[in-house]
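Pasting work06.cif here (mmCIF, C-alpha atoms and all ligand atoms):
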```cif
data_entry
#
loop_
_atom_site.label_atom_id
_atom_site.label_comp_id
_atom_site.auth_asym_id
_atom_site.auth_seq_id
_atom_site.Cartn_x
_atom_site.Cartn_y
_atom_site.Cartn_z
CA MET A 1 51.67 -125.30 -93.61
CA HIS A 2 50.45 -121.82 -92.57
CA PRO A 3 53.06 -119.14 -92.13
CA SER A 4 54.23 -118.61 -88.56
CA PRO A 5 52.82 -117.28 -86.06
CA TRP A 6 49.40 -118.51 -87.22
CA MET A 7 50.49 -122.11 -87.48
CA ASN A 8 48.45 -124.52 -85.35
CA ALA A 9 51.38 -125.68 -83.20
CA ASP A 10 50.63 -127.66 -80.04
CA LEU A 11 53.87 -128.03 -78.07
CA HIS A 12 52.65 -129.27 -74.67
CA CYS A 13 50.74 -132.47 -73.85
CA HIS A 14 51.05 -135.70 -71.84
CA SER A 15 50.81 -139.41 -72.62
CA CYS A 16 50.39 -142.44 -70.33
CA VAL A 17 54.20 -142.48 -70.08
CA SER A 18 53.64 -139.71 -67.48
CA ASP A 19 50.21 -138.58 -66.25
CA GLY A 20 48.16 -138.52 -69.46
CA THR A 21 45.75 -141.33 -70.32
CA LEU A 22 46.45 -141.86 -74.07
CA SER A 23 49.43 -143.59 -75.67
CA PRO A 24 51.92 -141.47 -77.67
CA GLN A 25 50.50 -143.06 -80.85
CA ALA A 26 46.89 -142.22 -79.94
CA LEU A 27 47.94 -138.63 -79.16
CA ALA A 28 49.68 -138.30 -82.54
CA GLN A 29 46.48 -139.44 -84.27
CA ARG A 30 44.35 -137.07 -82.15
CA ALA A 31 46.69 -134.15 -82.92
CA LYS A 32 46.49 -134.92 -86.64
CA ASP A 33 42.68 -135.25 -86.51
CA HIS A 34 42.40 -131.92 -84.68
CA GLY A 35 44.40 -130.01 -87.29
CA VAL A 36 47.69 -129.68 -85.42
CA GLU A 37 50.47 -128.72 -87.87
CA LEU A 38 53.45 -129.00 -85.51
CA TRP A 39 53.37 -131.25 -82.47
CA ALA A 40 55.48 -132.08 -79.38
CA LEU A 41 54.80 -134.65 -76.66
CA THR A 42 56.08 -133.20 -73.35
CA ASP A 43 55.77 -135.89 -70.67
CA HIS A 44 56.80 -134.96 -67.11
CA ASP A 45 60.48 -135.77 -66.38
CA GLU A 46 60.52 -138.64 -68.88
CA LEU A 47 61.57 -139.30 -72.50
CA GLY A 48 60.15 -142.85 -72.74
CA GLY A 49 57.42 -141.76 -75.18
CA GLN A 50 59.64 -139.73 -77.53
CA HIS A 51 60.55 -142.37 -80.10
CA GLY A 52 56.98 -143.67 -80.31
CA ALA A 53 55.60 -140.15 -80.69
CA ALA A 54 58.13 -139.14 -83.35
CA GLU A 55 57.56 -142.33 -85.33
CA ALA A 56 53.77 -142.04 -85.18
CA ALA A 57 53.97 -138.38 -86.22
CA ARG A 58 56.24 -139.24 -89.15
CA ALA A 59 53.82 -141.94 -90.34
CA LEU A 60 51.00 -139.36 -90.25
CA GLY A 61 53.02 -136.65 -92.03
CA LEU A 62 52.81 -134.51 -88.86
CA PRO A 63 55.92 -132.35 -88.21
CA TYR A 64 57.33 -133.14 -84.75
CA LEU A 65 59.60 -131.58 -82.11
CA SER A 66 61.00 -133.64 -79.24
CA GLY A 67 59.61 -132.50 -75.88
CA VAL A 68 59.72 -132.81 -72.11
CA GLU A 69 58.32 -130.94 -69.08
CA ILE A 70 60.84 -130.84 -66.22
CA SER A 71 59.78 -130.33 -62.58
CA VAL A 72 61.94 -127.64 -60.93
CA SER A 73 62.02 -126.21 -57.40
CA PHE A 74 62.33 -122.41 -57.33
CA CYS A 75 61.62 -120.00 -54.44
CA GLY A 76 59.74 -122.69 -52.52
CA GLN A 77 57.40 -123.57 -55.39
CA THR A 78 57.33 -126.09 -58.22
CA VAL A 79 57.98 -124.53 -61.63
CA HIS A 80 57.70 -126.45 -64.90
CA ILE A 81 60.29 -125.98 -67.64
CA VAL A 82 59.39 -127.33 -71.09
CA GLY A 83 62.23 -128.45 -73.35
CA LEU A 84 61.73 -128.58 -77.12
CA GLY A 85 63.79 -129.79 -80.07
CA PHE A 86 66.60 -131.51 -78.10
CA ASP A 87 68.35 -134.77 -78.96
CA ALA A 88 66.18 -137.36 -77.17
CA ASP A 89 69.14 -139.75 -76.92
CA ASP A 90 71.32 -137.24 -75.01
CA GLY A 91 72.92 -139.04 -72.05
CA ALA A 92 73.22 -136.09 -69.65
CA LEU A 93 69.57 -135.11 -70.20
CA GLN A 94 68.43 -138.71 -69.64
CA GLN A 95 70.48 -138.98 -66.44
CA GLY A 96 69.21 -135.67 -65.13
CA LEU A 97 65.62 -136.72 -65.73
CA ALA A 98 66.19 -140.09 -64.05
CA ALA A 99 67.49 -138.25 -60.98
CA THR A 100 64.46 -135.92 -61.07
CA ARG A 101 62.08 -138.92 -61.20
CA GLY A 102 63.83 -140.56 -58.25
CA GLY A 103 61.92 -140.13 -55.02
CA ARG A 104 58.46 -140.04 -56.64
CA ARG A 105 57.64 -143.47 -55.16
CA GLU A 106 58.69 -142.46 -51.64
CA ARG A 107 56.78 -139.21 -52.00
CA ALA A 108 53.70 -141.17 -53.12
CA LEU A 109 53.92 -143.45 -50.08
CA GLU A 110 54.07 -140.37 -47.83
CA MET A 111 51.11 -138.84 -49.66
CA ALA A 112 49.16 -142.06 -49.07
CA GLY A 113 50.10 -141.87 -45.37
CA GLY A 114 48.68 -138.36 -45.14
CA LEU A 115 45.50 -139.43 -46.92
CA ALA A 116 45.14 -142.47 -44.63
CA ARG A 117 45.34 -140.17 -41.58
CA ALA A 118 42.57 -138.11 -43.19
CA GLY A 119 40.38 -141.23 -43.40
CA ILE A 120 41.25 -142.42 -46.93
CA PRO A 121 43.16 -145.71 -46.69
CA GLY A 122 44.73 -147.61 -49.59
CA ALA A 123 45.42 -144.59 -51.80
CA PHE A 124 48.91 -145.75 -52.85
CA GLU A 125 47.59 -149.03 -54.24
CA GLY A 126 44.61 -147.18 -55.71
CA ALA A 127 46.78 -144.62 -57.50
CA LEU A 128 49.05 -147.37 -58.84
CA LYS A 129 46.12 -148.79 -60.83
CA TYR A 130 46.34 -145.71 -63.05
CA VAL A 131 50.12 -145.72 -63.46
CA SER A 132 51.68 -147.23 -66.58
CA ASN A 133 55.24 -146.02 -65.84
CA PRO A 134 56.22 -147.16 -62.33
CA GLU A 135 58.84 -144.37 -62.10
CA LEU A 136 56.24 -141.72 -62.69
CA ILE A 137 53.57 -141.95 -60.06
CA SER A 138 52.14 -138.43 -59.82
CA ARG A 139 49.47 -136.50 -57.97
CA THR A 140 47.27 -136.91 -61.05
CA HIS A 141 47.10 -140.68 -60.47
CA PHE A 142 45.94 -140.13 -56.87
CA ALA A 143 43.37 -137.69 -58.18
CA ARG A 144 41.96 -140.28 -60.60
CA HIS A 145 41.69 -142.83 -57.81
CA LEU A 146 39.83 -140.42 -55.50
CA VAL A 147 37.37 -139.57 -58.27
CA GLU A 148 36.86 -143.23 -59.20
CA THR A 149 36.14 -144.17 -55.56
CA GLY A 150 33.63 -141.31 -55.19
CA VAL A 151 35.59 -139.25 -52.66
CA CYS A 152 35.47 -136.25 -55.03
CA ALA A 153 33.43 -135.35 -58.09
CA ASP A 154 36.38 -134.40 -60.30
CA THR A 155 40.18 -134.10 -60.25
CA ASN A 156 40.08 -130.34 -59.63
CA GLU A 157 38.19 -130.98 -56.39
CA VAL A 158 40.78 -133.60 -55.37
CA PHE A 159 43.63 -131.11 -55.83
CA ARG A 160 41.74 -128.39 -54.00
CA ARG A 161 40.78 -130.56 -51.00
CA PHE A 162 43.67 -133.02 -50.74
CA LEU A 163 46.71 -132.51 -52.94
CA THR A 164 47.83 -128.88 -52.69
CA GLU A 165 49.91 -127.13 -50.06
CA GLY A 166 48.48 -127.45 -46.56
CA LYS A 167 46.12 -130.31 -47.52
CA PRO A 168 46.40 -133.88 -46.11
CA GLY A 169 47.87 -135.55 -49.23
CA PHE A 170 50.42 -132.83 -50.05
CA VAL A 171 54.09 -133.68 -49.58
CA PRO A 172 56.66 -131.00 -50.42
CA HIS A 173 59.27 -132.38 -52.80
CA ARG A 174 62.70 -131.25 -53.99
CA TRP A 175 62.85 -131.32 -57.81
CA ALA A 176 65.66 -130.30 -60.20
CA SER A 177 67.27 -126.86 -59.96
CA LEU A 178 66.34 -124.24 -62.57
CA ARG A 179 69.94 -124.08 -63.69
CA ASP A 180 70.27 -127.84 -64.22
CA ALA A 181 66.95 -128.18 -66.07
CA VAL A 182 67.77 -125.35 -68.50
CA ARG A 183 71.29 -126.67 -69.07
CA TRP A 184 70.21 -130.27 -69.68
CA ILE A 185 67.81 -129.04 -72.38
CA THR A 186 70.14 -126.53 -74.05
CA ASP A 187 73.22 -128.78 -73.91
CA ALA A 188 71.15 -131.44 -75.71
CA GLY A 189 70.51 -128.92 -78.53
CA GLY A 190 67.03 -127.87 -77.40
CA LEU A 191 65.22 -124.70 -76.36
CA ALA A 192 64.01 -124.20 -72.77
CA VAL A 193 60.59 -122.61 -72.15
CA ILE A 194 58.91 -121.47 -68.91
CA ALA A 195 55.63 -123.41 -68.80
CA HIS A 196 52.25 -121.78 -67.93
CA PRO A 197 53.74 -118.81 -65.97
CA ALA A 198 50.34 -117.60 -64.70
CA ARG A 199 49.92 -120.82 -62.68
CA TYR A 200 52.63 -119.89 -60.14
CA ARG A 201 51.94 -117.87 -57.02
CA PHE A 202 55.07 -115.70 -57.07
CA THR A 203 55.41 -112.11 -55.93
CA ALA A 204 56.48 -109.64 -58.65
CA ASN A 205 60.07 -109.82 -57.35
CA GLU A 206 60.12 -113.62 -57.37
CA GLU A 207 58.68 -113.74 -60.89
CA HIS A 208 61.32 -111.28 -62.06
CA ALA A 209 63.98 -113.50 -60.46
CA LEU A 210 62.54 -116.54 -62.24
CA PHE A 211 62.72 -114.86 -65.65
CA THR A 212 66.16 -113.26 -65.20
CA GLU A 213 67.77 -116.42 -63.77
CA PHE A 214 66.11 -118.57 -66.45
CA ILE A 215 67.59 -116.30 -69.16
CA ALA A 216 70.99 -116.20 -67.45
CA HIS A 217 71.11 -120.02 -67.60
CA GLY A 218 70.28 -119.97 -71.34
CA GLY A 219 66.46 -120.19 -71.34
CA ARG A 220 64.86 -118.61 -74.42
CA GLY A 221 61.10 -119.12 -74.40
CA VAL A 222 57.88 -118.71 -72.44
CA GLU A 223 54.44 -120.25 -72.92
CA VAL A 224 52.03 -117.46 -73.77
CA VAL A 225 49.07 -119.41 -75.16
CA THR A 226 48.33 -122.48 -73.02
CA GLY A 227 45.29 -124.37 -71.78
CA SER A 228 46.15 -122.90 -68.35
CA HIS A 229 45.90 -119.21 -69.36
CA SER A 230 42.86 -116.96 -69.57
CA ALA A 231 42.63 -114.39 -72.38
CA ALA A 232 43.89 -111.71 -69.97
CA GLU A 233 46.86 -113.89 -68.98
CA VAL A 234 47.74 -114.39 -72.66
CA VAL A 235 47.92 -110.59 -73.03
CA ARG A 236 49.95 -110.25 -69.85
CA TYR A 237 52.56 -112.89 -70.79
CA ALA A 238 52.76 -111.63 -74.39
CA GLU A 239 54.01 -108.40 -72.82
CA THR A 240 56.39 -110.37 -70.59
CA ALA A 241 57.80 -112.23 -73.62
CA LEU A 242 58.47 -108.91 -75.37
CA GLU A 243 59.91 -107.31 -72.24
CA TYR A 244 62.44 -110.14 -71.72
CA GLY A 245 63.12 -110.84 -75.42
CA LEU A 246 61.79 -114.40 -75.17
CA ALA A 247 60.23 -116.45 -77.96
CA ALA A 248 56.62 -117.50 -77.35
CA SER A 249 55.24 -121.03 -77.19
CA ARG A 250 51.75 -122.47 -77.53
CA GLY A 251 50.42 -125.72 -76.10
CA SER A 252 47.19 -127.24 -74.78
CA ASP A 253 48.68 -129.19 -71.81
CA PHE A 254 46.22 -131.92 -72.84
CA HIS A 255 46.18 -134.94 -70.45
CA SER A 256 42.96 -136.84 -71.09
CA PRO A 257 39.73 -136.64 -73.15
CA ASP A 258 37.74 -136.93 -69.88
CA GLU A 259 39.66 -134.37 -67.79
CA SER A 260 41.23 -131.71 -70.03
CA HIS A 261 39.18 -128.67 -70.93
CA THR A 262 41.53 -127.72 -73.80
CA ASP A 263 41.89 -130.37 -76.50
CA LEU A 264 44.91 -130.83 -78.75
CA GLY A 265 45.15 -127.99 -81.27
CA ALA A 266 42.13 -126.15 -79.82
CA LEU A 267 43.92 -122.95 -78.80
CA PRO A 268 43.77 -119.28 -79.78
CA ALA A 269 46.52 -118.04 -82.11
CA LEU A 270 49.74 -116.66 -80.75
CA PRO A 271 49.59 -112.83 -80.64
CA ALA A 272 51.11 -111.76 -83.97
CA ARG A 273 53.81 -109.44 -82.58
CA LEU A 274 55.59 -112.32 -80.89
CA THR A 275 58.40 -114.52 -82.21
CA PRO A 276 57.15 -118.14 -82.09
CA VAL A 277 59.57 -120.69 -80.59
CA TRP A 278 59.23 -122.70 -83.79
CA ASP A 279 60.96 -119.91 -85.74
CA TRP A 280 64.05 -120.62 -83.61
CA LEU A 281 63.65 -124.40 -83.90
CA ALA A 282 63.15 -124.73 -87.66
CA GLU A 283 66.16 -127.02 -88.04
CA ARG A 284 65.06 -129.25 -85.16
CA ILE A 285 61.64 -130.11 -86.64
CA GLN A 286 61.35 -133.78 -87.65
CA ARG A 287 59.42 -134.35 -90.88
CA ALA A 288 58.56 -137.29 -93.09
CA HIS A 289 61.04 -137.54 -95.97
P1 LIG B 1 53.17 -133.95 -59.64
O1 LIG B 1 54.21 -133.84 -60.72
O2 LIG B 1 53.03 -135.35 -59.11
O3 LIG B 1 53.33 -132.91 -58.55
O4 LIG B 1 51.75 -133.66 -60.33
C1 LIG B 1 51.55 -132.45 -61.02
C2 LIG B 1 50.41 -132.63 -62.02
O5 LIG B 1 49.18 -132.55 -61.35
C3 LIG B 1 50.34 -131.51 -63.05
O6 LIG B 1 51.20 -131.77 -64.13
C4 LIG B 1 48.91 -131.57 -63.48
O7 LIG B 1 48.74 -132.58 -64.45
C5 LIG B 1 48.19 -131.99 -62.23
N1 LIG B 1 47.56 -130.86 -61.52
C6 LIG B 1 48.16 -129.93 -60.76
N2 LIG B 1 47.24 -129.08 -60.22
C7 LIG B 1 46.03 -129.51 -60.66
C8 LIG B 1 44.68 -129.08 -60.46
N3 LIG B 1 44.38 -128.02 -59.69
N4 LIG B 1 43.69 -129.77 -61.07
C9 LIG B 1 43.96 -130.85 -61.84
N5 LIG B 1 45.21 -131.30 -62.07
C10 LIG B 1 46.23 -130.64 -61.49
MN MN B 2 50.49 -133.30 -65.56
MN MN B 3 52.90 -128.19 -65.95
MN MN B 4 51.99 -130.22 -68.56
#
```
Translate this structure into structure tokens?
Ligand code: AMP
Ligand code: MN
Ligand code: MN
Ligand code: MN
Amino acid sequence: MHPSPWMNADLHCHSCVSDGTLSPQALAQRAKDHGVELWALTDHDELGGQHGAAEAARALGLPYLSGVEISVSFCGQTVHIVGLGFDADDGALQQGLAATRGGRRERALEMAGGLARAGIPGAFEGALKYVSNPELISRTHFARHLVETGVCADTNEVFRRFLTEGKPGFVPHRWASLRDAVRWITDAGGLAVIAHPARYRFTANEEHALFTEFIAHGGRGVEVVTGSHSAAEVVRYAETALEYGLAASRGSDFHSPDESHTDLGALPALPARLTPVWDWLAERIQRAH
């Protein structure tokens, strides 16, 4: 294994247990094939893939950290908090995630209603064709359906035209609180990380509130290198990590070979001045014995 911070860690991706298209086992193999040296599967609001991912990683000799990406409502927007290195059997974390998942079906029915009024009937049934976990119907599944039926050319176009604020298929939803999400992760022995910070549309004051409240609740990391950040955003959030004393994480946010522009392990290195989250999680890494 390379010394930190140059290690090829990929600590953010999705399987078909949430809105990815590959199984946890296929992702483990893909991570291994792409030179990943430390891996975490971080499905949205769901731990159902954790045992399969950890087992597959162990069989491949690929060091593994447990992972999750929790949907949080903060200042009127959805923020994603990644949890790493927790006990995947923790009861309070599992209950909190089950509560966070609740309401996705009703939300999806409302989304389908909005799309029907915009002239696209049958979207709920269409999206369901892409869902393997009935508790985790997400906007991504609607996007796949609208691409498959020729309404849009790709999923980005679907989000832009139909699934973001103000568009016919968008339904505002109340997710977990920042405080609960950070506590569930840390109380289960894990480290909480602010996912892809450049993706949010916060004012400077709101972003400062996000970071200070996150830290006050026990959050300790921020994604600096992600498939969602440009080179300039990596530089910007490297500064933010240093300013707030946060450890830095790195992850592709890979969902699908057909949709994701950043593949597993295909990321620039973490800027060398930063403390990688894996330095603080050394004892939580699962390895083959
Ligand atoms: P949901 O949790 O149902 O609100 O769905 C959020 C998911 O939609 C994210 O995790 C991404 O996978 C996907 N997503 C969000 N915005 C976009 C976009 N502009 N283009 C493609 N996928 C997106
Ligand atoms: Mn997703
Ligand atoms: Mn996310
Ligand atoms: Mn993600």
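With all atoms listed in the file counted, the chains near ligand MN 3 (chain B) contribute these residues within 10 Å: His12, Cys13, His14, Thr42, Asp43, His44, Glu69, Ile70, Ser71, Thr78, Val79, His80, Ile81, Val82, Ile194, Ala195, His196, Pro197, Arg199, Ser228 and Asp253 of chain A.
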Can you work out which residues are within 6 Å of ligand LIG 1 (chain B), considering all atoms listed in the file, and then hand them over as a short mmCIF file (atom, residue, chain, number, x, y, z; two decimals) with C-alpha atoms, keeping the file's coordinate frame?
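Below you can see out_33.cif, which holds the result:
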```
data_model
loop_
_atom_site.label_atom_id
_atom_site.label_comp_id
_atom_site.auth_asym_id
_atom_site.auth_seq_id
_atom_site.Cartn_x
_atom_site.Cartn_y
_atom_site.Cartn_z
CA SER A 138 52.14 -138.43 -59.82
CA ARG A 139 49.47 -136.50 -57.97
CA THR A 140 47.27 -136.91 -61.05
CA THR A 155 40.18 -134.10 -60.25
CA ASN A 156 40.08 -130.34 -59.63
CA PHE A 159 43.63 -131.11 -55.83
#
```
Can you work out which one of A:Ser252, A:Ala92, A:Gly166, A:Ala98 has the shortest atom-to-atom distance to ligand MN 4 (chain B), counting all atoms listed in the file? A:Ser252
Considering all atoms listed in the file, return as a count of residues only whatever protein or nucleic-acid residues lie within 10 Å of Ser66 (chain A), sequence-local ones (same chain, fewer than 5 positions apart) excluded. 21
Excluding Tyr237 (chain A) and its own-chain neighbours fewer than 3 positions away, which residues fall within 12 Å of it when counting all atoms listed in the file? Please give them as a ChimeraX atom specification. /A:194-199,207,211,221-226,229-234,240-250,270-271,274
Of the candidates A:Pro257, A:Gly103, A:Pro168, A:Gly122, which shows the shortest atom-to-atom distance to Leu136 (chain A), using all atoms listed in the file? A:Gly103
Applying 7 Å and only C-alpha atoms, which residues near Ala31 (chain A) remain after dropping the ones on its own chain fewer than 4 positions away? List them as a list in words. Leu27, Gly35, Val36, Leu264 and Gly265 of chain A
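Distances from A:Leu22, A:Ile120, A:Leu38, A:Leu163 to Trp6 (chain A) were compared using only C-alpha atoms, and the smallest one belongs to A:Leu38.
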Tell me which protein, DNA and RNA residues are within 12 Å of Gly76 (chain A), counting all atoms listed in the file, leaving out same-chain ones fewer than 5 positions away, and put them as a VMD selection string. chain A and resid 165 172 to 175 177 200 to 203 206 210
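Separating CA of His217 (chain A) from CA of Val171 (chain A) is a distance of 28.3 Å.
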